[in-house]
Amino acid sequence: MSLVISHLARRFGPTPVLRGIDLAVEQRELIALLGPSGSGKTTLLRIIAGLDWPDAGGLSFDGDDWLARSAGERRIGLVFQHYALFPHMTVRDNIAFGLSVRPRGNRPDRAGIADRVGRLLRFLQIEGLADRYPAELSGGQRQRVALGRAMAIEPRVLLLDEPFGALDAQVRRDLRRWLRGVHDSTGTTTIFVTHDQEEAFELADRVVVMNAGMIEQAGRPDEIYDHPATPFVARFLGLTVEVPVAMRAGRAEAAGLDLTALPRRAIPDGPATLFLRPADIQPLPDPAAPFRVTEIVSTGALLRIMARDDAGCRIEAEIPRRDGRDLREGQPVALRPVTGQIFPAGGTLAARAPATPVTLKEAFA
Ligand SMILES: Nc1ncnc2c1ncn2[C@@H]1O[C@H](COP(=O)(O)OP(=O)(O)O)[C@@H](O)[C@H]1O
Ligand SMILES: [Mg+2]
């Protein structure tokens, strides 16, 4: 266990921004903190970095109380979306900076610094940029250099706050793979903040989903993708179709929907809500079915099919264009979800609820 965050709480004026965060980050782990804007990701990162202090809770690294330590003592590498490089320094000098300002005694000599910077430039594949100034770099190159600068001090924890947020999609994808490779060879414990789920899922060993100052769910990417623990996580991960169903002996039932492909679940009999991804619903022409296609929209490779029944239930399905040749507006269709997530009326699955929910009152006691 390296970094342990317990019951961490922070408010700004009357507004609680972190409401009892519990998270243990293992050595060498790459964690993605994923959540919408305003969910408290940056605030949490700033507290870990020692740029801000919590109102309550604990933060330790290998048993050492980090709340009693300054930012410098924690030895953290930081990369922000707009953490500007020093414009008057070359790439080489930017990367050397963290080492050259160390207190004497702890500072390598000039040759030692030059050697370490040279190795880092080669390792990060930015040797060719060494003598350029930041203004002569593309956005993607700047963030590679920013990572180099953060890594030069051999940080115990690397914190990245939406580092690729300002870059275009292709550059982001390239940098993501590059960063994953860098992490795999250095093993630096890393927390990567993003609001982009694709980025989080492709990059991280473990994804931590935040909402309104709390952790909704933490787990391996496929675990979270296949089994979102709360309605919030389900919606955030694209299960945007919500259908009221009735549970009976572990099966969900809804008029006009074929739910036999869904596995039985340990949920009490009674009303529940089924969350689905549009891409997990197959519409099949069926003259006897109660749903009718109301609209077909092409997004290029995909067709978006809107359907509704006489009771006003509206369902959106998304299918590859080639699978939709037989579908017409006005046509009756049977809808068959191949997978989905069911939540009992009023919320979270008991078995997957957070282990130790901390109430506001406890957090601020
Ligand atoms: N220094 C501050 N003073 C007052 N409110 C703040 C401060 N920093 C952040 N907030 C508020 O805290 C909430 C969470 O912000 P932040 O941690 O930046 O979220 P995220 O990084 O997930 O977008 C936001 O509502 C933001 O306006
Ligand atoms: Mg932020």
# chains A, B, ... in the order shown; residues from 1 in each chain; ligands from 1
>>> residues_near_ligand(ligand="ligand 1", cutoff="12 Å", atoms="only C-alpha atoms and all ligand atoms", output="ChimeraX atom specification")
/A:9-19,33-47,51-54,80-81,160-162,192-196,209-215
>>> write_last_selection(atoms="N, CA and C atoms", output="short mmCIF file (atom, residue, chain, number, x, y, z; two decimals), in the first residue's frame")
data_model
loop_
_atom_site.label_atom_id
_atom_site.label_comp_id
_atom_site.auth_asym_id
_atom_site.auth_seq_id
_atom_site.Cartn_x
_atom_site.Cartn_y
_atom_site.Cartn_z
N ALA A 9 -12.26 15.34 3.65
CA ALA A 9 -13.35 16.28 3.41
C ALA A 9 -12.80 17.69 3.25
N ARG A 10 -13.45 18.45 2.36
CA ARG A 10 -13.04 19.82 2.12
C ARG A 10 -14.26 20.63 1.73
N ARG A 11 -14.42 21.79 2.33
CA ARG A 11 -15.46 22.69 1.84
C ARG A 11 -14.87 24.06 1.59
N PHE A 12 -15.44 24.76 0.65
CA PHE A 12 -15.07 26.14 0.38
C PHE A 12 -16.26 26.98 0.80
N GLY A 13 -16.15 27.75 1.87
CA GLY A 13 -17.30 28.47 2.40
C GLY A 13 -18.36 27.44 2.78
N PRO A 14 -19.60 27.68 2.36
CA PRO A 14 -20.66 26.74 2.74
C PRO A 14 -20.72 25.49 1.87
N THR A 15 -19.91 25.46 0.82
CA THR A 15 -20.07 24.39 -0.17
C THR A 15 -19.14 23.22 0.11
N PRO A 16 -19.68 22.03 0.44
CA PRO A 16 -18.81 20.87 0.57
C PRO A 16 -18.37 20.42 -0.82
N VAL A 17 -17.07 20.28 -1.01
CA VAL A 17 -16.54 19.93 -2.32
C VAL A 17 -15.99 18.50 -2.32
N LEU A 18 -15.42 18.08 -1.17
CA LEU A 18 -15.08 16.67 -0.98
C LEU A 18 -15.83 16.19 0.25
N ARG A 19 -16.55 15.08 0.11
CA ARG A 19 -17.44 14.67 1.19
C ARG A 19 -17.11 13.28 1.70
N LEU A 33 -8.88 9.09 -12.16
CA LEU A 33 -10.00 9.72 -11.44
C LEU A 33 -10.91 10.29 -12.51
N LEU A 34 -12.10 9.71 -12.62
CA LEU A 34 -13.01 10.07 -13.70
C LEU A 34 -14.27 10.69 -13.11
N GLY A 35 -14.66 11.86 -13.60
CA GLY A 35 -15.90 12.45 -13.10
C GLY A 35 -16.20 13.72 -13.86
N PRO A 36 -17.46 14.17 -13.80
CA PRO A 36 -17.82 15.37 -14.51
C PRO A 36 -17.15 16.60 -13.90
N SER A 37 -17.17 17.67 -14.64
CA SER A 37 -16.60 18.92 -14.18
C SER A 37 -17.28 19.34 -12.87
N GLY A 38 -16.49 19.76 -11.88
CA GLY A 38 -17.05 20.20 -10.61
C GLY A 38 -17.21 19.10 -9.58
N SER A 39 -16.79 17.86 -9.91
CA SER A 39 -17.00 16.76 -8.97
C SER A 39 -15.93 16.71 -7.87
N GLY A 40 -14.91 17.55 -7.96
CA GLY A 40 -13.92 17.63 -6.88
C GLY A 40 -12.58 16.98 -7.20
N LYS A 41 -12.35 16.62 -8.48
CA LYS A 41 -11.13 15.91 -8.85
C LYS A 41 -9.88 16.77 -8.60
N THR A 42 -9.93 18.01 -9.08
CA THR A 42 -8.75 18.88 -8.92
C THR A 42 -8.50 19.19 -7.45
N THR A 43 -9.58 19.40 -6.70
CA THR A 43 -9.42 19.67 -5.27
C THR A 43 -8.72 18.51 -4.58
N LEU A 44 -9.10 17.29 -4.91
CA LEU A 44 -8.46 16.12 -4.32
C LEU A 44 -6.99 16.05 -4.71
N LEU A 45 -6.71 16.31 -5.98
CA LEU A 45 -5.33 16.27 -6.45
C LEU A 45 -4.47 17.33 -5.76
N ARG A 46 -5.03 18.51 -5.58
CA ARG A 46 -4.28 19.60 -4.93
C ARG A 46 -3.96 19.26 -3.48
N ILE A 47 -4.88 18.56 -2.83
CA ILE A 47 -4.62 18.16 -1.44
C ILE A 47 -3.53 17.10 -1.39
N LEU A 51 -0.85 21.35 -2.11
CA LEU A 51 -1.15 22.73 -2.50
C LEU A 51 -2.39 23.23 -1.75
N ASP A 52 -3.08 22.32 -1.04
CA ASP A 52 -4.27 22.69 -0.28
C ASP A 52 -4.39 21.67 0.86
N TRP A 53 -5.11 22.05 1.92
CA TRP A 53 -5.26 21.13 3.05
C TRP A 53 -6.73 20.83 3.29
N PRO A 54 -7.06 19.60 3.71
CA PRO A 54 -8.47 19.24 3.95
C PRO A 54 -8.96 19.78 5.29
N PHE A 80 -0.27 19.69 -15.21
CA PHE A 80 -1.62 20.23 -15.37
C PHE A 80 -1.89 20.48 -16.84
N GLN A 81 -3.18 20.70 -17.13
CA GLN A 81 -3.57 20.99 -18.50
C GLN A 81 -2.83 22.22 -19.03
N LEU A 160 -1.47 13.88 -12.55
CA LEU A 160 -1.72 14.50 -13.85
C LEU A 160 -3.16 14.97 -13.89
N ASP A 161 -3.35 16.28 -14.03
CA ASP A 161 -4.72 16.83 -14.03
C ASP A 161 -5.14 17.21 -15.44
N GLU A 162 -5.91 16.35 -16.07
CA GLU A 162 -6.38 16.55 -17.45
C GLU A 162 -5.24 17.02 -18.35
N PHE A 192 -4.25 9.96 -12.54
CA PHE A 192 -4.52 10.68 -13.78
C PHE A 192 -5.97 11.16 -13.73
N VAL A 193 -6.18 12.47 -13.78
CA VAL A 193 -7.55 13.00 -13.72
C VAL A 193 -8.08 13.24 -15.13
N THR A 194 -9.30 12.82 -15.37
CA THR A 194 -9.90 13.08 -16.68
C THR A 194 -11.42 13.09 -16.56
N HIS A 195 -12.08 13.79 -17.49
CA HIS A 195 -13.54 13.64 -17.54
C HIS A 195 -13.93 12.82 -18.78
N ASP A 196 -12.89 12.25 -19.44
CA ASP A 196 -13.11 11.52 -20.68
C ASP A 196 -13.07 10.03 -20.38
N VAL A 209 -14.58 6.55 -10.07
CA VAL A 209 -15.59 7.46 -10.59
C VAL A 209 -16.06 8.38 -9.47
N MET A 210 -15.90 9.68 -9.68
CA MET A 210 -16.31 10.67 -8.68
C MET A 210 -17.54 11.42 -9.13
N ASN A 211 -18.35 11.78 -8.13
CA ASN A 211 -19.54 12.59 -8.39
C ASN A 211 -19.82 13.42 -7.15
N ALA A 212 -19.94 14.73 -7.32
CA ALA A 212 -20.32 15.62 -6.22
C ALA A 212 -19.52 15.37 -4.94
N GLY A 213 -18.19 15.25 -5.09
CA GLY A 213 -17.34 15.16 -3.90
C GLY A 213 -17.28 13.80 -3.25
N MET A 214 -17.85 12.77 -3.91
CA MET A 214 -17.81 11.43 -3.36
C MET A 214 -17.32 10.46 -4.43
N ILE A 215 -16.81 9.30 -3.97
CA ILE A 215 -16.47 8.23 -4.91
C ILE A 215 -17.70 7.37 -5.10
#
>>> select_by_dssp(residues="stretch 204-316 of chain A", states="strand (DSSP E or B)", output="ChimeraX atom specification")
/A:206-211,214-219,241-248,251-253,257,270-276,281-285,291-298,302-308,314-316
>>> residues_around(residues="A:Arg132", least_positions_apart="4", cutoff="7 Å", atoms="only C-alpha atoms", output="VMD selection string")
chain A and resid 90 to 91 136
>>> residues_around(residues="stretch 219-222 of chain A", least_positions_apart="2", cutoff="8 Å", atoms="only C-alpha atoms", output="ChimeraX atom specification")
/A:201,204-208,217,224-226
>>> write_last_selection(atoms="all heavy atoms", output="mmCIF file, in the first residue's frame")
data_model
loop_
_atom_site.group_PDB
_atom_site.id
_atom_site.type_symbol
_atom_site.label_atom_id
_atom_site.label_comp_id
_atom_site.auth_asym_id
_atom_site.auth_seq_id
_atom_site.Cartn_x
_atom_site.Cartn_y
_atom_site.Cartn_z
ATOM 1 N N PHE A 201 -10.572 4.626 -19.357
ATOM 2 C CA PHE A 201 -10.662 3.171 -19.486
ATOM 3 C C PHE A 201 -9.483 2.594 -20.246
ATOM 4 O O PHE A 201 -9.059 1.485 -19.986
ATOM 5 C CB PHE A 201 -11.986 2.778 -20.150
ATOM 6 C CG PHE A 201 -13.112 2.786 -19.172
ATOM 7 C CD1 PHE A 201 -13.620 3.974 -18.688
ATOM 8 C CD2 PHE A 201 -13.636 1.607 -18.682
ATOM 9 C CE1 PHE A 201 -14.631 3.996 -17.742
ATOM 10 C CE2 PHE A 201 -14.652 1.612 -17.739
ATOM 11 C CZ PHE A 201 -15.151 2.805 -17.271
ATOM 12 N N ALA A 204 -6.029 3.261 -17.544
ATOM 13 C CA ALA A 204 -5.852 2.997 -16.112
ATOM 14 C C ALA A 204 -5.894 1.527 -15.740
ATOM 15 O O ALA A 204 -6.555 0.717 -16.379
ATOM 16 C CB ALA A 204 -6.929 3.738 -15.340
ATOM 17 N N ASP A 205 -5.169 1.186 -14.657
ATOM 18 C CA ASP A 205 -5.330 -0.121 -14.015
ATOM 19 C C ASP A 205 -6.654 -0.144 -13.272
ATOM 20 O O ASP A 205 -7.333 -1.147 -13.208
ATOM 21 C CB ASP A 205 -4.214 -0.352 -12.983
ATOM 22 C CG ASP A 205 -2.843 -0.330 -13.616
ATOM 23 O OD1 ASP A 205 -2.691 -0.938 -14.686
ATOM 24 O OD2 ASP A 205 -1.927 0.294 -13.048
ATOM 25 N N ARG A 206 -6.966 1.017 -12.658
ATOM 26 C CA ARG A 206 -8.182 1.102 -11.869
ATOM 27 C C ARG A 206 -8.815 2.465 -12.121
ATOM 28 O O ARG A 206 -8.122 3.475 -12.203
ATOM 29 C CB ARG A 206 -7.827 0.979 -10.382
ATOM 30 C CG ARG A 206 -8.924 0.432 -9.514
ATOM 31 C CD ARG A 206 -8.326 -0.427 -8.397
ATOM 32 N NE ARG A 206 -7.353 0.302 -7.611
ATOM 33 C CZ ARG A 206 -7.634 0.860 -6.427
ATOM 34 N NH1 ARG A 206 -8.832 0.789 -5.903
ATOM 35 N NH2 ARG A 206 -6.679 1.499 -5.766
ATOM 36 N N VAL A 207 -10.119 2.480 -12.275
ATOM 37 C CA VAL A 207 -10.854 3.713 -12.520
ATOM 38 C C VAL A 207 -11.638 4.057 -11.262
ATOM 39 O O VAL A 207 -12.272 3.187 -10.660
ATOM 40 C CB VAL A 207 -11.817 3.562 -13.718
ATOM 41 C CG1 VAL A 207 -12.664 4.815 -13.904
ATOM 42 C CG2 VAL A 207 -11.046 3.251 -14.998
ATOM 43 N N VAL A 208 -11.563 5.323 -10.855
ATOM 44 C CA VAL A 208 -12.308 5.788 -9.685
ATOM 45 C C VAL A 208 -13.295 6.836 -10.179
ATOM 46 O O VAL A 208 -12.892 7.877 -10.691
ATOM 47 C CB VAL A 208 -11.348 6.402 -8.646
ATOM 48 C CG1 VAL A 208 -12.121 7.021 -7.494
ATOM 49 C CG2 VAL A 208 -10.370 5.351 -8.133
ATOM 50 N N GLN A 217 -17.758 4.774 -7.392
ATOM 51 C CA GLN A 217 -17.314 3.404 -7.624
ATOM 52 C C GLN A 217 -15.831 3.405 -7.971
ATOM 53 O O GLN A 217 -15.344 4.313 -8.636
ATOM 54 C CB GLN A 217 -18.106 2.779 -8.783
ATOM 55 C CG GLN A 217 -17.837 1.294 -8.974
ATOM 56 C CD GLN A 217 -18.729 0.674 -10.041
ATOM 57 O OE1 GLN A 217 -19.420 1.393 -10.781
ATOM 58 N NE2 GLN A 217 -18.722 -0.643 -10.137
ATOM 59 N N ILE A 224 -16.124 -1.965 -13.976
ATOM 60 C CA ILE A 224 -17.003 -0.797 -13.908
ATOM 61 C C ILE A 224 -17.871 -0.704 -15.158
ATOM 62 O O ILE A 224 -19.058 -0.407 -15.085
ATOM 63 C CB ILE A 224 -16.165 0.491 -13.727
ATOM 64 C CG1 ILE A 224 -15.514 0.464 -12.350
ATOM 65 C CG2 ILE A 224 -17.027 1.725 -13.917
ATOM 66 C CD1 ILE A 224 -14.847 1.750 -11.958
ATOM 67 N N TYR A 225 -17.258 -1.010 -16.287
ATOM 68 C CA TYR A 225 -18.010 -0.914 -17.542
ATOM 69 C C TYR A 225 -19.168 -1.916 -17.566
ATOM 70 O O TYR A 225 -20.286 -1.586 -17.942
ATOM 71 C CB TYR A 225 -17.067 -1.184 -18.725
ATOM 72 C CG TYR A 225 -17.651 -0.761 -20.043
ATOM 73 C CD1 TYR A 225 -17.574 0.564 -20.457
ATOM 74 C CD2 TYR A 225 -18.294 -1.679 -20.869
ATOM 75 C CE1 TYR A 225 -18.119 0.963 -21.662
ATOM 76 C CE2 TYR A 225 -18.840 -1.291 -22.070
ATOM 77 C CZ TYR A 225 -18.746 0.038 -22.463
ATOM 78 O OH TYR A 225 -19.300 0.420 -23.651
ATOM 79 N N ASP A 226 -18.889 -3.133 -17.096
ATOM 80 C CA ASP A 226 -19.916 -4.182 -17.140
ATOM 81 C C ASP A 226 -20.877 -4.117 -15.955
ATOM 82 O O ASP A 226 -22.020 -4.552 -16.062
ATOM 83 C CB ASP A 226 -19.259 -5.567 -17.161
ATOM 84 C CG ASP A 226 -18.509 -5.815 -18.458
ATOM 85 O OD1 ASP A 226 -18.834 -5.130 -19.454
ATOM 86 O OD2 ASP A 226 -17.603 -6.659 -18.485
#
>>> residues_around(residues="stretch 292-304 of chain A", least_positions_apart="2", cutoff="6 Å", atoms="only C-alpha atoms", output="VMD selection string")
chain A and resid 306 to 308 317 to 321 329 to 333
>>> select_by_dssp(residues="stretch 70-114 of chain A", states="helix (DSSP H, G or I)", output="PyMOL selection string")
chain A and resi 71-74+91-100+110-114
>>> write_last_selection(atoms="all heavy atoms", output="tab-separated table (two decimals), in the first residue's frame")
chain	number	residue	atom	x	y	z
A	71	ALA	N	4.57	20.45	0.53
A	71	ALA	CA	4.55	19.94	-0.85
A	71	ALA	C	5.93	19.42	-1.25
A	71	ALA	O	6.06	18.34	-1.81
A	71	ALA	CB	4.08	21.04	-1.80
A	72	GLY	N	6.96	20.18	-0.94
A	72	GLY	CA	8.32	19.81	-1.34
A	72	GLY	C	8.76	18.50	-0.71
A	72	GLY	O	9.40	17.67	-1.36
A	73	GLU	N	8.41	18.31	0.56
A	73	GLU	CA	8.82	17.09	1.25
A	73	GLU	C	8.15	15.84	0.67
A	73	GLU	O	8.66	14.74	0.81
A	73	GLU	CB	8.46	17.19	2.75
A	73	GLU	CG	9.33	18.15	3.52
A	73	GLU	CD	8.81	18.41	4.93
A	73	GLU	OE1	7.57	18.50	5.11
A	73	GLU	OE2	9.63	18.53	5.85
A	74	ARG	N	6.99	16.03	0.06
A	74	ARG	CA	6.27	14.85	-0.45
A	74	ARG	C	6.90	14.31	-1.73
A	74	ARG	O	6.66	13.22	-2.13
A	74	ARG	CB	4.81	15.20	-0.71
A	74	ARG	CG	4.09	15.60	0.56
A	74	ARG	CD	2.63	15.92	0.29
A	74	ARG	NE	2.06	16.67	1.41
A	74	ARG	CZ	0.80	17.02	1.51
A	74	ARG	NH1	-0.05	16.72	0.55
A	74	ARG	NH2	0.37	17.70	2.55
A	91	VAL	N	13.91	23.33	-23.55
A	91	VAL	CA	13.33	22.08	-23.06
A	91	VAL	C	14.29	21.43	-22.06
A	91	VAL	O	13.90	21.00	-20.97
A	91	VAL	CB	13.04	21.13	-24.24
A	91	VAL	CG1	12.81	19.70	-23.77
A	91	VAL	CG2	11.85	21.65	-25.04
A	92	ARG	N	15.56	21.39	-22.41
A	92	ARG	CA	16.56	20.77	-21.54
A	92	ARG	C	16.57	21.44	-20.17
A	92	ARG	O	16.53	20.78	-19.13
A	92	ARG	CB	17.94	20.89	-22.21
A	92	ARG	CG	19.03	20.07	-21.57
A	92	ARG	CD	20.39	20.42	-22.18
A	92	ARG	NE	20.48	20.24	-23.62
A	92	ARG	CZ	20.67	19.04	-24.20
A	92	ARG	NH1	20.77	17.97	-23.48
A	92	ARG	NH2	20.74	18.95	-25.52
A	93	ASP	N	16.55	22.78	-20.17
A	93	ASP	CA	16.61	23.51	-18.89
A	93	ASP	C	15.30	23.38	-18.11
A	93	ASP	O	15.30	23.34	-16.88
A	93	ASP	CB	16.95	24.98	-19.12
A	93	ASP	CG	18.39	25.14	-19.62
A	93	ASP	OD1	19.18	24.18	-19.44
A	93	ASP	OD2	18.71	26.19	-20.19
A	94	ASN	N	14.19	23.33	-18.84
A	94	ASN	CA	12.91	23.10	-18.17
A	94	ASN	C	12.93	21.78	-17.41
A	94	ASN	O	12.49	21.70	-16.26
A	94	ASN	CB	11.77	23.09	-19.19
A	94	ASN	CG	11.06	24.43	-19.30
A	94	ASN	OD1	10.28	24.81	-18.44
A	94	ASN	ND2	11.39	25.17	-20.36
A	95	ILE	N	13.44	20.75	-18.07
A	95	ILE	CA	13.44	19.43	-17.44
A	95	ILE	C	14.43	19.39	-16.27
A	95	ILE	O	14.18	18.76	-15.25
A	95	ILE	CB	13.73	18.33	-18.48
A	95	ILE	CG1	12.53	18.24	-19.44
A	95	ILE	CG2	13.99	16.99	-17.81
A	95	ILE	CD1	12.66	17.22	-20.52
A	96	ALA	N	15.52	20.12	-16.41
A	96	ALA	CA	16.54	20.13	-15.34
A	96	ALA	C	16.10	20.94	-14.13
A	96	ALA	O	16.66	20.81	-13.04
A	96	ALA	CB	17.86	20.69	-15.88
A	97	PHE	N	15.06	21.76	-14.31
A	97	PHE	CA	14.73	22.77	-13.29
A	97	PHE	C	14.55	22.19	-11.89
A	97	PHE	O	15.14	22.64	-10.92
A	97	PHE	CB	13.48	23.55	-13.71
A	97	PHE	CG	13.10	24.60	-12.71
A	97	PHE	CD1	13.80	25.80	-12.67
A	97	PHE	CD2	12.10	24.38	-11.78
A	97	PHE	CE1	13.48	26.77	-11.73
A	97	PHE	CE2	11.77	25.34	-10.84
A	97	PHE	CZ	12.46	26.54	-10.81
A	98	GLY	N	13.71	21.16	-11.79
A	98	GLY	CA	13.40	20.59	-10.48
A	98	GLY	C	14.63	20.09	-9.74
A	98	GLY	O	14.67	20.11	-8.51
A	99	LEU	N	15.63	19.64	-10.50
A	99	LEU	CA	16.85	19.15	-9.87
A	99	LEU	C	17.76	20.30	-9.47
A	99	LEU	O	18.38	20.30	-8.42
A	99	LEU	CB	17.60	18.23	-10.84
A	99	LEU	CG	16.89	16.91	-11.17
A	99	LEU	CD1	17.61	16.20	-12.30
A	99	LEU	CD2	16.83	16.03	-9.93
A	100	SER	N	17.81	21.34	-10.34
A	100	SER	CA	18.78	22.40	-10.10
A	100	SER	C	18.36	23.32	-8.96
A	100	SER	O	19.18	24.07	-8.45
A	100	SER	CB	19.02	23.20	-11.40
A	100	SER	OG	17.79	23.66	-11.90
A	110	ARG	N	26.50	19.43	-11.72
A	110	ARG	CA	26.07	19.80	-13.08
A	110	ARG	C	26.11	18.62	-14.05
A	110	ARG	O	25.18	18.41	-14.82
A	110	ARG	CB	26.97	20.92	-13.62
A	110	ARG	CG	26.67	22.27	-13.02
A	110	ARG	CD	27.71	23.27	-13.53
A	110	ARG	NE	27.44	23.61	-14.93
A	110	ARG	CZ	27.02	24.81	-15.32
A	110	ARG	NH1	26.86	25.78	-14.45
A	110	ARG	NH2	26.79	25.05	-16.59
A	111	ALA	N	27.19	17.87	-13.97
A	111	ALA	CA	27.32	16.73	-14.89
A	111	ALA	C	26.26	15.68	-14.57
A	111	ALA	O	25.68	15.07	-15.48
A	111	ALA	CB	28.72	16.11	-14.76
A	112	GLY	N	25.97	15.51	-13.30
A	112	GLY	CA	24.95	14.55	-12.88
A	112	GLY	C	23.57	14.95	-13.40
A	112	GLY	O	22.81	14.11	-13.87
A	113	ILE	N	23.28	16.24	-13.29
A	113	ILE	CA	21.99	16.73	-13.80
A	113	ILE	C	21.91	16.55	-15.31
A	113	ILE	O	20.93	16.04	-15.85
A	113	ILE	CB	21.78	18.23	-13.42
A	113	ILE	CG1	21.60	18.36	-11.90
A	113	ILE	CG2	20.56	18.80	-14.15
A	113	ILE	CD1	21.41	19.79	-11.41
A	114	ALA	N	22.98	16.95	-16.01
A	114	ALA	CA	22.99	16.84	-17.48
A	114	ALA	C	22.80	15.40	-17.90
A	114	ALA	O	22.07	15.10	-18.86
A	114	ALA	CB	24.31	17.39	-18.03
>>> atom_distance(atom1="atom CA of A:Arg75", atom2="atom CA of A:Leu158")
9.1 Å
>>> residues_around(residues="A:Arg156", least_positions_apart="5", cutoff="9 Å", atoms="only C-alpha atoms", output="PDB file with N, CA, C and O atoms, in the first residue's frame")
ATOM      1  N   ARG A  74       6.993  16.031   0.065  1.00  0.00           N
ATOM      2  CA  ARG A  74       6.272  14.849  -0.447  1.00  0.00           C
ATOM      3  C   ARG A  74       6.902  14.314  -1.733  1.00  0.00           C
ATOM      4  O   ARG A  74       6.657  13.216  -2.131  1.00  0.00           O
ATOM      5  N   ARG A  75       7.653  15.144  -2.425  1.00  0.00           N
ATOM      6  CA  ARG A  75       8.285  14.770  -3.703  1.00  0.00           C
ATOM      7  C   ARG A  75       7.261  14.220  -4.683  1.00  0.00           C
ATOM      8  O   ARG A  75       7.190  13.018  -4.963  1.00  0.00           O
ATOM      9  N   ILE A  76       6.468  15.141  -5.199  1.00  0.00           N
ATOM     10  CA  ILE A  76       5.406  14.787  -6.129  1.00  0.00           C
ATOM     11  C   ILE A  76       5.671  15.411  -7.487  1.00  0.00           C
ATOM     12  O   ILE A  76       6.174  16.531  -7.561  1.00  0.00           O
ATOM     13  N   GLY A  77       5.363  14.680  -8.527  1.00  0.00           N
ATOM     14  CA  GLY A  77       5.458  15.233  -9.875  1.00  0.00           C
ATOM     15  C   GLY A  77       4.073  15.672 -10.322  1.00  0.00           C
ATOM     16  O   GLY A  77       3.110  14.948 -10.148  1.00  0.00           O
ATOM     17  N   THR A 188       6.069   4.325 -11.811  1.00  0.00           N
ATOM     18  CA  THR A 188       5.730   5.398 -10.880  1.00  0.00           C
ATOM     19  C   THR A 188       4.234   5.365 -10.553  1.00  0.00           C
ATOM     20  O   THR A 188       3.396   5.330 -11.460  1.00  0.00           O
ATOM     21  N   THR A 189       3.909   5.368  -9.279  1.00  0.00           N
ATOM     22  CA  THR A 189       2.507   5.430  -8.850  1.00  0.00           C
ATOM     23  C   THR A 189       1.894   6.704  -9.419  1.00  0.00           C
ATOM     24  O   THR A 189       2.431   7.790  -9.234  1.00  0.00           O
ATOM     25  N   THR A 190       0.783   6.552 -10.135  1.00  0.00           N
ATOM     26  CA  THR A 190       0.259   7.685 -10.909  1.00  0.00           C
ATOM     27  C   THR A 190      -1.242   7.858 -10.713  1.00  0.00           C
ATOM     28  O   THR A 190      -1.985   6.878 -10.729  1.00  0.00           O
TER      29      THR A 190
END
>>> closest_residue(among="A:Gly187, A:Pro163, A:Gly58, A:Gly256", to="ligand 2", atoms="only C-alpha atoms and all ligand atoms")
A:Pro163
